[in-house]
Structure formats: C-alpha cells, structure tokens
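Heads up, data11.csv below (CSV, C-alpha atoms and all ligand atoms):
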chain,number,residue,atom,x,y,z
A,1,MET,CA,-50.7,31.0,-46.4
A,2,ALA,CA,-47.5,30.9,-48.3
A,3,LYS,CA,-47.7,29.0,-51.6
A,4,ILE,CA,-45.8,25.8,-51.9
A,5,GLN,CA,-43.5,25.8,-54.9
A,6,ALA,CA,-42.0,23.1,-57.0
A,7,ILE,CA,-38.4,22.0,-56.1
A,8,LYS,CA,-35.8,23.9,-58.0
A,9,GLY,CA,-34.8,22.1,-61.1
A,10,PHE,CA,-38.0,20.1,-61.1
A,11,ALA,CA,-40.4,21.1,-63.9
A,12,ASP,CA,-44.1,20.8,-64.6
A,13,LEU,CA,-44.7,19.9,-68.2
A,14,PHE,CA,-48.0,21.2,-69.5
A,15,ALA,CA,-49.7,20.2,-72.7
A,16,ASP,CA,-47.3,21.5,-75.3
A,17,GLU,CA,-44.1,20.2,-73.7
A,18,SER,CA,-45.8,17.1,-72.6
A,19,ARG,CA,-47.0,16.4,-76.2
A,20,LEU,CA,-43.4,16.9,-77.4
A,21,PHE,CA,-42.1,14.4,-74.8
A,22,THR,CA,-44.8,11.9,-75.8
A,23,PHE,CA,-43.8,12.4,-79.4
A,24,LEU,CA,-40.2,11.6,-78.6
A,25,GLU,CA,-41.1,8.5,-76.6
A,26,GLN,CA,-43.5,7.2,-79.3
A,27,SER,CA,-40.9,7.9,-82.0
A,28,ALA,CA,-38.3,6.0,-80.0
A,29,ARG,CA,-40.7,3.1,-79.7
A,30,THR,CA,-41.4,3.0,-83.4
A,31,VAL,CA,-37.8,3.2,-84.4
A,32,PHE,CA,-36.3,0.9,-81.8
A,33,PHE,CA,-38.9,-1.8,-82.2
A,34,ARG,CA,-37.8,-2.0,-85.8
A,35,TYR,CA,-34.4,-3.1,-84.4
A,36,GLY,CA,-35.9,-5.7,-82.1
A,37,PHE,CA,-35.8,-3.7,-78.9
A,38,THR,CA,-38.3,-4.3,-76.1
A,39,GLU,CA,-39.3,-1.8,-73.5
A,40,LEU,CA,-38.1,-2.2,-69.9
A,41,ARG,CA,-39.4,0.0,-67.0
A,42,THR,CA,-37.1,-0.1,-64.1
A,43,PRO,CA,-37.7,1.5,-60.7
A,44,LEU,CA,-36.8,5.2,-60.2
A,45,MET,CA,-35.0,4.3,-56.9
A,46,GLU,CA,-32.3,1.6,-56.3
A,47,TYR,CA,-29.9,0.8,-53.5
A,48,THR,CA,-27.1,3.3,-53.6
A,49,ASP,CA,-24.5,0.5,-53.8
A,50,LEU,CA,-25.7,-0.3,-57.3
A,51,PHE,CA,-24.7,3.2,-58.6
A,52,CYS,CA,-21.5,3.1,-56.7
A,53,ARG,CA,-20.5,0.0,-58.4
A,54,SER,CA,-21.8,0.7,-61.9
A,55,ILE,CA,-21.0,4.4,-62.2
A,56,GLY,CA,-18.0,4.4,-59.9
A,57,THR,CA,-17.5,5.9,-56.5
A,58,GLU,CA,-14.9,8.3,-57.8
A,59,THR,CA,-17.3,10.0,-60.3
A,60,ASP,CA,-18.9,13.4,-59.8
A,61,VAL,CA,-22.3,11.8,-60.3
A,62,VAL,CA,-21.9,9.5,-57.3
A,63,GLN,CA,-19.8,11.8,-55.1
A,64,LYS,CA,-21.9,15.0,-55.6
A,65,GLU,CA,-25.0,14.7,-57.7
A,66,MET,CA,-27.1,11.8,-56.4
A,67,TYR,CA,-30.3,12.2,-54.3
A,68,THR,CA,-29.3,9.8,-51.6
A,69,PHE,CA,-31.0,9.1,-48.3
A,70,ASN,CA,-31.6,6.3,-45.8
A,71,ASP,CA,-34.9,4.6,-45.4
A,72,SER,CA,-36.5,3.9,-42.0
A,73,LYS,CA,-34.3,0.8,-41.7
A,74,GLY,CA,-31.1,2.8,-42.4
A,75,ARG,CA,-30.5,1.4,-45.9
A,76,SER,CA,-29.0,3.9,-48.3
A,77,MET,CA,-31.1,4.5,-51.4
A,78,SER,CA,-30.7,6.8,-54.3
A,79,LEU,CA,-33.0,8.2,-57.0
A,80,ARG,CA,-31.5,7.0,-60.3
A,81,PRO,CA,-29.0,9.4,-61.9
A,82,GLU,CA,-29.0,7.4,-65.1
A,83,ALA,CA,-30.7,4.3,-66.5
A,84,THR,CA,-28.0,1.8,-67.4
A,85,ALA,CA,-27.3,0.6,-63.8
A,86,GLY,CA,-31.0,-0.3,-63.2
A,87,VAL,CA,-31.2,-2.1,-66.5
A,88,MET,CA,-28.1,-4.1,-65.8
A,89,ARG,CA,-29.4,-4.9,-62.3
A,90,ALA,CA,-32.7,-6.2,-63.7
A,91,TYR,CA,-30.8,-8.2,-66.4
A,92,VAL,CA,-28.6,-9.9,-63.8
A,93,GLU,CA,-31.3,-10.3,-61.1
A,94,ASN,CA,-33.7,-11.9,-63.5
A,95,ASN,CA,-31.1,-14.1,-65.1
A,96,VAL,CA,-32.1,-12.9,-68.5
A,97,GLY,CA,-28.7,-13.9,-70.0
A,98,ALA,CA,-29.6,-17.6,-69.5
A,99,LYS,CA,-32.8,-17.2,-71.5
A,100,GLU,CA,-31.5,-15.3,-74.5
A,101,SER,CA,-28.0,-14.6,-75.9
A,102,VAL,CA,-28.8,-11.1,-77.0
A,103,SER,CA,-31.1,-8.7,-75.1
A,104,LYS,CA,-32.1,-5.3,-76.4
A,105,PHE,CA,-33.8,-3.0,-73.9
A,106,PHE,CA,-35.2,0.5,-74.4
A,107,THR,CA,-36.2,2.7,-71.5
A,108,ALA,CA,-37.5,6.2,-71.2
A,109,GLY,CA,-38.2,8.2,-68.1
A,110,PRO,CA,-37.0,10.7,-65.5
A,111,MET,CA,-33.5,10.7,-63.9
A,112,PHE,CA,-32.3,12.8,-61.0
A,113,ARG,CA,-29.1,14.7,-60.5
A,114,HIS,CA,-28.4,17.5,-58.1
A,115,GLU,CA,-26.6,19.8,-60.5
A,116,ARG,CA,-26.8,23.5,-61.0
A,117,PRO,CA,-30.0,24.0,-63.1
A,118,GLN,CA,-29.6,25.8,-66.4
A,119,LYS,CA,-31.3,25.8,-69.8
A,120,GLY,CA,-31.8,22.2,-71.0
A,121,ARG,CA,-30.4,20.9,-67.7
A,122,MET,CA,-32.8,20.0,-65.0
A,123,ARG,CA,-32.4,18.2,-61.7
A,124,GLN,CA,-35.2,15.9,-62.7
A,125,PHE,CA,-34.4,15.3,-66.4
A,126,HIS,CA,-35.6,12.7,-68.9
A,127,GLN,CA,-33.7,10.3,-71.0
A,128,ILE,CA,-34.2,7.7,-73.7
A,129,ASN,CA,-31.9,4.8,-73.2
A,130,CYS,CA,-31.0,1.8,-75.2
A,131,GLU,CA,-28.9,-1.2,-74.1
A,132,CYS,CA,-27.9,-4.1,-76.2
A,133,ILE,CA,-26.4,-6.9,-74.0
A,134,GLY,CA,-24.7,-9.9,-75.5
A,135,PRO,CA,-22.9,-9.2,-78.8
A,136,LYS,CA,-19.3,-8.4,-78.9
A,137,GLU,CA,-19.2,-8.0,-82.7
A,138,PRO,CA,-18.4,-4.6,-84.2
A,139,GLU,CA,-21.6,-4.8,-86.3
A,140,ALA,CA,-23.6,-4.4,-83.1
A,141,ASP,CA,-21.8,-1.1,-82.3
A,142,ALA,CA,-22.5,0.1,-85.9
A,143,GLU,CA,-26.2,-1.0,-85.6
A,144,MET,CA,-26.6,0.9,-82.3
A,145,ILE,CA,-25.1,4.1,-83.8
A,146,SER,CA,-27.1,3.7,-87.0
A,147,MET,CA,-30.3,3.3,-85.0
A,148,LEU,CA,-29.5,6.4,-82.9
A,149,MET,CA,-28.9,8.4,-86.1
A,150,TYR,CA,-32.1,7.0,-87.7
A,151,PHE,CA,-34.0,8.1,-84.6
A,152,LEU,CA,-32.6,11.6,-84.5
A,153,ASN,CA,-33.4,12.0,-88.2
A,154,TYR,CA,-36.9,10.5,-87.7
A,155,ILE,CA,-37.8,13.1,-85.1
A,156,GLY,CA,-36.4,15.9,-87.3
A,157,ILE,CA,-33.1,16.9,-85.6
A,158,LYS,CA,-30.8,18.7,-87.9
A,159,ASN,CA,-27.2,20.0,-87.9
A,160,ILE,CA,-25.7,17.3,-85.8
A,161,THR,CA,-22.3,15.7,-85.8
A,162,LEU,CA,-21.5,12.1,-84.8
A,163,GLN,CA,-18.2,11.8,-83.0
A,164,LEU,CA,-16.4,8.5,-82.6
A,165,ASN,CA,-13.4,7.1,-80.6
A,166,SER,CA,-12.1,3.8,-79.5
A,167,LEU,CA,-11.0,3.4,-75.9
A,168,GLY,CA,-9.1,0.1,-76.3
A,169,CYS,CA,-9.5,-2.9,-74.1
A,170,PRO,CA,-7.9,-4.4,-71.0
A,171,ASN,CA,-5.1,-5.7,-73.3
A,172,CYS,CA,-4.1,-2.4,-74.7
A,173,ARG,CA,-5.4,0.4,-72.5
A,174,PRO,CA,-3.2,-0.1,-69.4
A,175,ALA,CA,0.0,0.5,-71.4
A,176,TYR,CA,-1.5,3.5,-73.1
A,177,ARG,CA,-2.8,4.8,-69.7
A,178,GLU,CA,0.7,4.6,-68.3
A,179,LYS,CA,2.2,6.3,-71.4
A,180,LEU,CA,-0.3,9.1,-71.1
A,181,GLN,CA,0.3,9.4,-67.4
A,182,ASN,CA,4.1,9.7,-67.9
A,183,TRP,CA,3.5,12.2,-70.7
A,184,LEU,CA,1.3,14.3,-68.4
A,185,LYS,CA,3.8,14.2,-65.6
A,186,SER,CA,6.4,15.6,-68.0
A,187,LEU,CA,4.3,18.7,-68.4
A,188,ASP,CA,4.5,21.8,-66.4
A,189,THR,CA,1.4,20.7,-64.4
A,190,SER,CA,0.7,24.2,-63.1
A,191,VAL,CA,-1.1,24.9,-66.4
A,192,LEU,CA,-3.6,22.1,-65.6
A,193,CYS,CA,-6.7,22.8,-63.5
A,194,GLU,CA,-7.0,21.4,-60.0
A,195,ASP,CA,-9.3,18.5,-61.2
A,196,CYS,CA,-6.9,17.5,-63.8
A,197,ARG,CA,-3.9,17.5,-61.4
A,198,ARG,CA,-5.9,15.0,-59.4
A,199,ARG,CA,-7.2,13.0,-62.4
A,200,MET,CA,-3.6,12.7,-63.6
A,201,GLU,CA,-3.0,10.3,-60.8
A,202,THR,CA,-6.4,8.6,-60.5
A,203,ASN,CA,-7.8,8.6,-64.0
A,204,PRO,CA,-5.4,10.2,-66.6
A,205,LEU,CA,-7.8,9.6,-69.6
A,206,ARG,CA,-10.3,12.0,-68.0
A,207,VAL,CA,-7.7,14.8,-68.4
A,208,LEU,CA,-8.3,14.6,-72.1
A,209,ASP,CA,-12.0,15.5,-71.8
A,210,CYS,CA,-11.5,18.5,-69.5
A,211,LYS,CA,-13.4,21.5,-70.9
A,212,ASN,CA,-10.9,24.0,-69.4
A,213,PRO,CA,-9.2,25.8,-72.3
A,214,SER,CA,-5.7,25.8,-70.7
A,215,CYS,CA,-6.0,22.0,-70.0
A,216,LYS,CA,-7.1,21.5,-73.7
A,217,GLU,CA,-4.2,23.6,-74.9
A,218,ALA,CA,-1.6,21.8,-72.7
A,219,THR,CA,-2.8,18.4,-73.9
A,220,LYS,CA,-3.1,19.0,-77.6
A,221,ASP,CA,0.0,16.8,-78.4
A,222,ALA,CA,-0.8,14.1,-75.9
A,223,PRO,CA,-0.4,10.5,-77.0
A,224,LEU,CA,-3.7,9.1,-78.5
A,225,MET,CA,-5.5,5.9,-77.6
A,226,LEU,CA,-6.1,5.2,-81.3
A,227,ASP,CA,-2.4,5.1,-81.9
A,228,HIS,CA,-2.0,2.5,-79.2
A,229,THR,CA,-4.8,0.0,-79.7
A,230,CYS,CA,-4.1,-3.7,-80.0
A,231,ASP,CA,-4.8,-5.4,-83.4
A,232,GLU,CA,-8.2,-6.7,-82.2
A,233,CYS,CA,-9.3,-3.2,-81.1
A,234,ALA,CA,-8.0,-1.6,-84.3
A,235,GLY,CA,-9.9,-4.2,-86.4
A,236,HIS,CA,-13.1,-3.8,-84.4
A,237,PHE,CA,-13.0,0.0,-84.8
A,238,GLN,CA,-12.3,-0.3,-88.6
A,239,THR,CA,-15.3,-2.6,-89.0
A,240,VAL,CA,-17.5,-0.1,-87.1
A,241,LYS,CA,-16.3,2.7,-89.4
A,242,ASN,CA,-16.8,0.5,-92.5
A,243,CYS,CA,-20.4,-0.3,-91.6
A,244,LEU,CA,-21.2,3.4,-90.9
A,245,ASP,CA,-19.5,4.4,-94.2
A,246,SER,CA,-21.7,1.9,-96.0
A,247,GLN,CA,-24.8,3.7,-94.6
A,248,ASN,CA,-23.4,7.1,-95.5
A,249,ILE,CA,-23.4,8.0,-91.9
A,250,HIS,CA,-20.7,10.7,-91.4
A,251,TYR,CA,-18.6,10.9,-88.3
A,252,GLU,CA,-15.6,12.7,-86.9
A,253,ILE,CA,-12.9,11.1,-84.8
A,254,ASN,CA,-12.8,12.8,-81.4
A,255,HIS,CA,-9.7,11.7,-79.5
A,256,ARG,CA,-11.0,13.5,-76.4
A,257,LEU,CA,-14.1,11.4,-76.2
A,258,VAL,CA,-13.2,9.2,-73.3
A,259,ARG,CA,-15.1,7.5,-70.5
A,260,GLY,CA,-13.8,7.6,-67.0
A,261,LEU,CA,-14.4,4.0,-66.1
A,262,ASP,CA,-12.5,0.8,-66.6
A,263,TYR,CA,-15.5,-1.2,-67.9
A,264,TYR,CA,-15.9,1.0,-70.9
A,265,THR,CA,-14.2,-0.6,-73.9
A,266,ARG,CA,-13.6,0.1,-77.5
A,267,THR,CA,-16.3,2.1,-79.3
A,268,ALA,CA,-17.4,5.4,-77.7
A,269,PHE,CA,-19.6,7.9,-79.5
A,270,GLU,CA,-21.4,11.1,-79.0
A,271,VAL,CA,-23.8,13.2,-81.0
A,272,VAL,CA,-23.4,17.0,-80.7
A,273,SER,CA,-25.7,19.7,-82.0
A,274,ASP,CA,-24.5,23.0,-83.5
A,275,ASN,CA,-27.7,24.6,-82.2
A,276,ILE,CA,-27.4,24.4,-78.4
A,277,GLY,CA,-24.1,26.1,-77.8
A,278,ALA,CA,-21.6,24.9,-75.2
A,279,GLN,CA,-23.6,22.0,-73.8
A,280,GLY,CA,-24.0,20.6,-77.3
A,281,SER,CA,-24.2,16.9,-76.5
A,282,ILE,CA,-27.6,15.4,-77.2
A,283,ALA,CA,-26.7,11.7,-77.0
A,284,GLY,CA,-23.8,9.6,-76.0
A,285,GLY,CA,-22.9,6.0,-75.5
A,286,GLY,CA,-20.4,3.2,-76.0
A,287,ARG,CA,-19.4,-0.3,-75.4
A,288,TYR,CA,-19.2,-1.5,-71.8
A,289,ASP,CA,-17.9,-5.0,-71.9
A,290,GLY,CA,-17.0,-5.1,-68.2
A,291,LEU,CA,-20.1,-3.6,-66.8
A,292,VAL,CA,-22.3,-6.6,-66.2
A,293,GLU,CA,-19.5,-8.3,-64.3
A,294,SER,CA,-18.9,-5.2,-62.2
A,295,ILE,CA,-22.4,-5.5,-60.7
A,296,GLY,CA,-22.1,-9.2,-60.0
A,297,GLY,CA,-23.2,-10.9,-63.2
A,298,SER,CA,-21.2,-13.0,-65.5
A,299,SER,CA,-18.9,-11.5,-68.1
A,300,VAL,CA,-21.2,-10.4,-70.9
A,301,PRO,CA,-20.4,-7.7,-73.4
A,302,GLY,CA,-22.8,-4.9,-74.2
A,303,ILE,CA,-23.2,-1.5,-75.7
A,304,GLY,CA,-25.7,1.3,-75.1
A,305,PHE,CA,-26.5,5.0,-75.3
A,306,ALA,CA,-28.6,7.7,-73.6
A,307,CYS,CA,-30.3,10.6,-75.2
A,308,GLY,CA,-31.3,13.7,-73.2
A,309,MET,CA,-35.0,14.5,-73.9
A,310,GLU,CA,-34.8,18.1,-72.6
A,311,ARG,CA,-31.9,18.7,-75.0
A,312,LEU,CA,-33.9,17.2,-77.9
A,313,ALA,CA,-36.9,19.3,-76.9
A,314,LEU,CA,-34.8,22.5,-77.2
A,315,LEU,CA,-34.3,21.6,-80.9
A,316,LEU,CA,-37.9,20.7,-81.8
A,317,GLN,CA,-41.3,22.3,-82.0
A,318,ALA,CA,-44.2,20.5,-80.2
A,319,PRO,CA,-46.5,18.8,-82.6
A,320,GLU,CA,-49.8,20.6,-83.1
A,321,ALA,CA,-52.5,20.0,-80.5
A,322,PRO,CA,-55.2,17.7,-81.8
A,323,LYS,CA,-58.5,19.6,-82.3
A,324,ALA,CA,-61.5,18.6,-80.2
A,325,ASP,CA,-64.6,17.3,-82.1
A,326,PHE,CA,-67.3,18.9,-79.9
A,327,TYR,CA,-68.1,21.2,-77.1
A,328,ILE,CA,-71.4,20.7,-75.3
A,329,ALA,CA,-73.1,23.6,-73.7
A,330,VAL,CA,-76.4,23.5,-71.8
A,331,LEU,CA,-78.8,26.5,-71.9
A,332,ASP,CA,-80.8,25.4,-68.9
A,333,ASP,CA,-80.1,23.7,-65.6
A,334,ALA,CA,-82.8,21.1,-66.4
A,335,CYS,CA,-80.8,20.0,-69.5
A,336,ARG,CA,-77.6,19.1,-67.6
A,337,GLU,CA,-78.3,15.4,-67.2
A,338,TYR,CA,-79.3,15.1,-70.8
A,339,GLY,CA,-76.1,16.9,-71.8
A,340,PHE,CA,-74.1,14.6,-69.6
A,341,LYS,CA,-75.6,11.6,-71.5
A,342,ALA,CA,-74.9,13.2,-74.8
A,343,ALA,CA,-71.3,13.8,-74.0
A,344,GLN,CA,-70.8,10.2,-72.9
A,345,MET,CA,-72.5,8.9,-76.0
A,346,LEU,CA,-70.2,11.0,-78.3
A,347,ARG,CA,-67.1,9.8,-76.5
A,348,HIS,CA,-68.1,6.2,-76.7
A,349,GLY,CA,-68.5,6.9,-80.4
A,350,GLU,CA,-64.8,7.8,-80.4
A,351,LEU,CA,-65.2,11.6,-80.5
A,352,CYS,CA,-63.3,13.9,-78.3
A,353,GLY,CA,-64.7,16.9,-76.4
A,354,THR,CA,-65.7,18.7,-73.3
A,355,MET,CA,-69.0,19.5,-71.7
A,356,GLY,CA,-69.5,22.9,-70.0
A,357,PHE,CA,-71.5,22.1,-66.8
A,358,GLU,CA,-72.7,25.6,-66.1
A,359,SER,CA,-75.8,26.6,-68.0
A,360,ARG,CA,-75.3,29.6,-70.2
A,361,SER,CA,-77.0,32.0,-72.6
A,362,ILE,CA,-76.6,31.1,-76.3
A,363,LYS,CA,-74.1,33.9,-76.7
A,364,SER,CA,-71.9,32.9,-73.8
A,365,ALA,CA,-72.2,29.2,-74.8
A,366,MET,CA,-70.9,30.0,-78.3
A,367,ARG,CA,-68.0,32.0,-76.8
A,368,GLN,CA,-67.0,29.0,-74.7
A,369,ALA,CA,-67.3,26.6,-77.7
A,370,ASP,CA,-65.2,29.0,-79.8
A,371,LYS,CA,-62.6,29.1,-77.0
A,372,SER,CA,-62.4,25.4,-76.8
A,373,GLY,CA,-61.3,25.2,-80.5
A,374,ALA,CA,-63.8,22.3,-81.1
A,375,LYS,CA,-65.1,21.6,-84.6
A,376,TYR,CA,-68.7,21.4,-83.5
A,377,ALA,CA,-70.7,23.2,-80.8
A,378,VAL,CA,-73.5,21.0,-79.4
A,379,LEU,CA,-76.2,23.2,-77.8
A,380,ILE,CA,-78.9,21.7,-75.6
A,381,GLY,CA,-81.9,23.7,-74.5
A,382,SER,CA,-85.4,22.6,-73.4
A,383,SER,CA,-86.7,21.9,-76.9
A,384,GLU,CA,-83.7,19.6,-77.7
A,385,LEU,CA,-84.4,17.8,-74.4
A,386,GLU,CA,-88.1,17.5,-75.3
A,387,GLN,CA,-87.5,16.3,-78.9
A,388,HIS,CA,-84.5,14.1,-78.0
A,389,ASN,CA,-82.4,16.1,-80.3
A,390,LEU,CA,-79.0,17.9,-80.2
A,391,MET,CA,-78.5,21.2,-81.9
A,392,ILE,CA,-75.1,20.8,-83.6
A,393,LYS,CA,-73.4,23.8,-85.0
A,394,ASN,CA,-70.4,23.6,-87.4
A,395,MET,CA,-67.9,26.1,-86.0
A,396,GLU,CA,-66.2,26.5,-89.3
A,397,ASN,CA,-69.0,27.4,-91.6
A,398,GLY,CA,-71.7,28.4,-89.0
A,399,THR,CA,-74.4,26.0,-90.2
A,400,GLN,CA,-76.5,24.3,-87.6
A,401,GLU,CA,-79.0,21.5,-87.6
A,402,ALA,CA,-81.2,19.7,-85.0
A,403,VAL,CA,-79.9,16.1,-85.1
A,404,PRO,CA,-81.6,13.1,-83.4
A,405,PHE,CA,-79.6,12.0,-80.4
A,406,ASP,CA,-78.8,8.6,-81.9
A,407,ARG,CA,-77.5,10.1,-85.1
A,408,ALA,CA,-75.2,12.6,-83.5
A,409,VAL,CA,-72.0,10.5,-83.7
A,410,SER,CA,-72.3,9.8,-87.4
A,411,PHE,CA,-73.3,13.4,-88.0
A,412,ILE,CA,-70.2,14.7,-86.4
A,413,LYS,CA,-67.9,12.1,-87.9
A,414,GLU,CA,-69.2,12.6,-91.4
A,415,GLY,CA,-70.0,16.3,-91.1
A,416,LYS,CA,-73.6,15.7,-92.0
B,501,ZN,ZN,-7.3,-3.7,-77.3
B,502,ZN,ZN,-8.6,20.4,-66.5

Please express the file's structure as structure tokens.
Ligand SMILES: [Zn+2]
Ligand SMILES: [Zn+2]
Amino acid sequence: MAKIQAIKGFADLFADESRLFTFLEQSARTVFFRYGFTELRTPLMEYTDLFCRSIGTETDVVQKEMYTFNDSKGRSMSLRPEATAGVMRAYVENNVGAKESVSKFFTAGPMFRHERPQKGRMRQFHQINCECIGPKEPEADAEMISMLMYFLNYIGIKNITLQLNSLGCPNCRPAYREKLQNWLKSLDTSVLCEDCRRRMETNPLRVLDCKNPSCKEATKDAPLMLDHTCDECAGHFQTVKNCLDSQNIHYEINHRLVRGLDYYTRTAFEVVSDNIGAQGSIAGGGRYDGLVESIGGSSVPGIGFACGMERLALLLQAPEAPKADFYIAVLDDACREYGFKAAQMLRHGELCGTMGFESRSIKSAMRQADKSGAKYAVLIGSSELEQHNLMIKNMENGTQEAVPFDRAVSFIKEGK
C-alpha cells in the first residue's frame, strides 16, 4: 500500500528539534513571568469572522493564507493564522478588563498559514506571543521591547537589530495618509508593482514596506510618518526611546516599518537577524490601541509582539540530550518480570532509563546498553533473580557490582 505522508509544510519534530522548542518555551516562561505575564492557551480554531475583523479582510493572511472550512452546520471556521485575535477574543468574552486594569498574557503554540513553504517558513509554524492589554503609557511599550530583547539575549541569539517606528494615531495619521497618497499619485506609477498600485488607493502606508526594489527606490523620498506625528505621539515615541536608551538597548529607526491596519497606533517594532538572509525578521510587534474595540470590546489600549520559533531555531543549537541513568537487560526470559519490577523501582526513585524486554547474551546486552548512552547497565540473570540482586555496571569505568535490589537507587545516584 502507498505510504501516507505528512501534509506539505507540516513537520514532525523529533527529539533534538523538540528539545529546542521546549527550551524556547521554558525560557519564555522564565523571562516573561519575571515581568508579570501569565500563560494563556487559546483554541487552535476560531470562527473565521474573528480573524476577518481583527486581522482585516483586505490582508493577504485572510484573503489567501487561512485554512478555512465549514463545519457540519455550515459555520465558517479557521485554524488560527496568528495568536493575538484569539487572545483578544478570550479577553473580551471573559470580561477580563472588568477584573483587572492591566492584563499580561503569554502564549506559545502552532499557527497555520497556507504559504509557499521554504526554509524557516512552515504552513504549521510556531510562535511565542505576548500581549499587554490596558496601559497606554509609553513605559509599557519600552517594557515590552526590553522584555523581548532580554528574552532573545537569554536564549543566546546574537547579531540582531531592533528597528523602531511610530505609526501615529487617529489624530495625526489620516492627514499623513492623505499627504502620502497625494505624493504617491504624483509619481510615475508605472515603476510601482501591481500590488502597490492597488495599495496606493486602499492602504498607502503599505506601499512603504513593499520589498520590491523598484518600489523601494521610487519611494525613497516619500513623506515620513515621524515628520507628521501630533505632539502627543511625538512625546510618546520620545519617552519610549529614552527608556530604551537608559537600558542601553540599541535601535534603528525604520520608516518603512508600517502595519497595514487602522487599529495599529504609535510604536511599531521589529527584530531582524543578520544571520537568516532575506527573511531576517525574527520578532515583531507594536501598539494596537483600537484592536479590542474592533472585535466588540470596549476601547482598551494594548501592545504585543510575536516571535517565530522556527526562525529562532535556525539560529540556535539544540541543548544537549540528557543522559539516561540506566539500561536494564535481562539475560533469560524467566528474569523479565523481575527486570520489569527493577525498572519501575528505579524510576520511582527518580532515575531515568529503559528496559530491553528481549532476553540477550551478555555481549549483546552490553552492546544495547552502550547504544542507549546510559551511565549504568543493569544486568539481570538467574543468579540475580535468586539472590534478589542487580548486577550494576558503570559504563564509564567498566566496574561492576552485585547490588541488593533495595539499594540499587542509592547505588546509582551516588555511584556506589
Ligand atoms: Zn498622533
Ligand atoms: Zn510594490
């Protein structure tokens, strides 16, 4: 029969990769808990409408990349393409804002997007996400960015650049948007790509983050948001920068760092790595003061970021695999039950190891023990069974000793 294969862009993560992902998640927990974050696990699937409203129907994500289907009652559902929408839905649905003025949520898990798979970009990919809902103060932005940089440093990511921009607010952005749009219309638009010619009408800010070289070149003298912010936005941005300066966190201003949607306000940031080429972004986020309202909650400010775990994994080595304490081999079928009891006793004594069920010759048993990488081989033959002993062999120095069953845990733990 033909073998069934995994879906393209969906990966199996065996021990090494899995250990790396666990390391990332545990490190995130350690660092984010220091900042008062709690973990929130939201469903992998939500009603499609949630993503339409929070991510926007005009975006590539919603138009082309979501795994969307109808359930048996004809309701449209989608696998989550990102985490923020679900977190906000949970926040609003559970009325969390009435119970606390600031909520800090951390989530980690798989997301799904039907993109062209490439290195570091899977269709089922994994993200670490943080959302801080409630504060409008610029120190909250600085804290979020500082925490992200702390985390990246903690896990050992090097050669990265923090990029910053401000996207203004509903008071200053509309005028800038119009100015940018008029400026774009004054260009010979034939140099712009097809997407940009469309974006020029619907979402002119997005023209600035087009990766197409001719679009970049054509817009190099475009008016900049930072030159058109209102006093409040300018002050907010200045405080964010001051806080980062005080922490010696370096950043570059990137005027092309824009977000396509109206609910994004003020601070936007991205961390890029010099070590993963063109798709260098490893984390990104920003302030989204209009988001909670856009999915039916009250007007609550917030800020968040997402960090791609596959991208981080490209830049890190998996931590070394922990060594097993023991490998139990039985030399005789009649010893199997006794071996089973011994294995259980050792594990209840907090030791790690495996039992080989098939009875073997001493030579073959030692080969198996060696292959397992365990520190001790435990050999059980008929004399061990009779005398209620275990023959324990130190795999490093080759010494071996018959140890009474009840003393085996302390023998292995203490090496004697
Ligand atoms: Zn403003
Ligand atoms: Zn373009």

- Message: Around ligand ZN 502 (chain B), out to 8 Å and counting all atoms listed in the file, which residues are there? I want them as a list of chain:residue names.
- Response: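 Checking all atoms listed in the file against ligand ZN 502 (chain B) at 8 Å gives A:Leu192, A:Cys193, A:Glu194, A:Asp195, A:Cys196, A:Arg197, A:Val207, A:Asp209, A:Cys210, A:Lys211, A:Asn212, A:Pro213, A:Ser214, A:Cys215, A:Lys216.
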
- Task: Could you please extract the residues within 9 Å of ligand ZN 501 (chain B), counting only C-alpha atoms and all ligand atoms, and hand them back as a list in words?
- Result: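 Checking only C-alpha atoms and all ligand atoms against ligand ZN 501 (chain B) at 9 Å gives Leu167, Gly168, Cys169, Pro170, Asn171, Cys172, Arg173, His228, Thr229, Cys230, Asp231, Glu232, Cys233, Ala234, Thr265 and Arg266 of chain A.
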
How would the residues just picked look written out with C-alpha atoms as a compact mmCIF listing (two decimals), in the coordinates of the input?
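Contents of the output file part-v3.txt:
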# COMPACT_ATOMS: atom_id res chain seq x y z
CA LEU A 167 -11.00 3.40 -75.90
CA GLY A 168 -9.10 0.10 -76.30
CA CYS A 169 -9.50 -2.90 -74.10
CA PRO A 170 -7.90 -4.40 -71.00
CA ASN A 171 -5.10 -5.70 -73.30
CA CYS A 172 -4.10 -2.40 -74.70
CA ARG A 173 -5.40 0.40 -72.50
CA HIS A 228 -2.00 2.50 -79.20
CA THR A 229 -4.80 0.00 -79.70
CA CYS A 230 -4.10 -3.70 -80.00
CA ASP A 231 -4.80 -5.40 -83.40
CA GLU A 232 -8.20 -6.70 -82.20
CA CYS A 233 -9.30 -3.20 -81.10
CA ALA A 234 -8.00 -1.60 -84.30
CA THR A 265 -14.20 -0.60 -73.90
CA ARG A 266 -13.60 0.10 -77.50

- Task: Quick one: everything within 8 Å of range 91-105 of chain A, counting only C-alpha atoms, minus sequence neighbours fewer than 4 positions away in the same chain. Send it as a list in words.
- Result: Gly36, Phe37, Thr38, Glu39, Leu40, Val87, Cys130, Glu131, Cys132, Ile133, Gly134, Pro135, Val292, Gly296 and Gly297 of chain A

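As for CA of Phe112 in chain A and CA of Ser146 in chain A, they are spaced 28.0 Å apart.
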
- Task: Compile the contact shell of Met200 in chain A as a PyMOL selection string: residues with an atom at most 8 Å away, counting only C-alpha atoms, same-chain residues fewer than 6 positions apart removed.
- Result: chain A and resi 181+184-185+207

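For the pair CA of Met149 in chain A and CA of His250 in chain A, the separation is 10.0 Å.
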
- Select, from A:Phe21, A:Tyr338, A:Phe326, A:Phe14, the residue with the minimum atom-to-atom distance to Phe125 in chain A, counting only C-alpha atoms. A:Phe21

- Query: In terms of the shortest atom-to-atom distance over only C-alpha atoms, which of A:Glu320, A:Asp406, A:Asp333, A:Asp245 is closest to Met345 in chain A?
  - Reply: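 Looking only at the distances to Met345 in chain A, the closest residue turns out to be A:Asp406.
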
- Message: Can you measure CA of Pro110 in chain A to CA of Ala268 in chain A for me? One decimal in Å is fine.
- Response: 23.7 Å
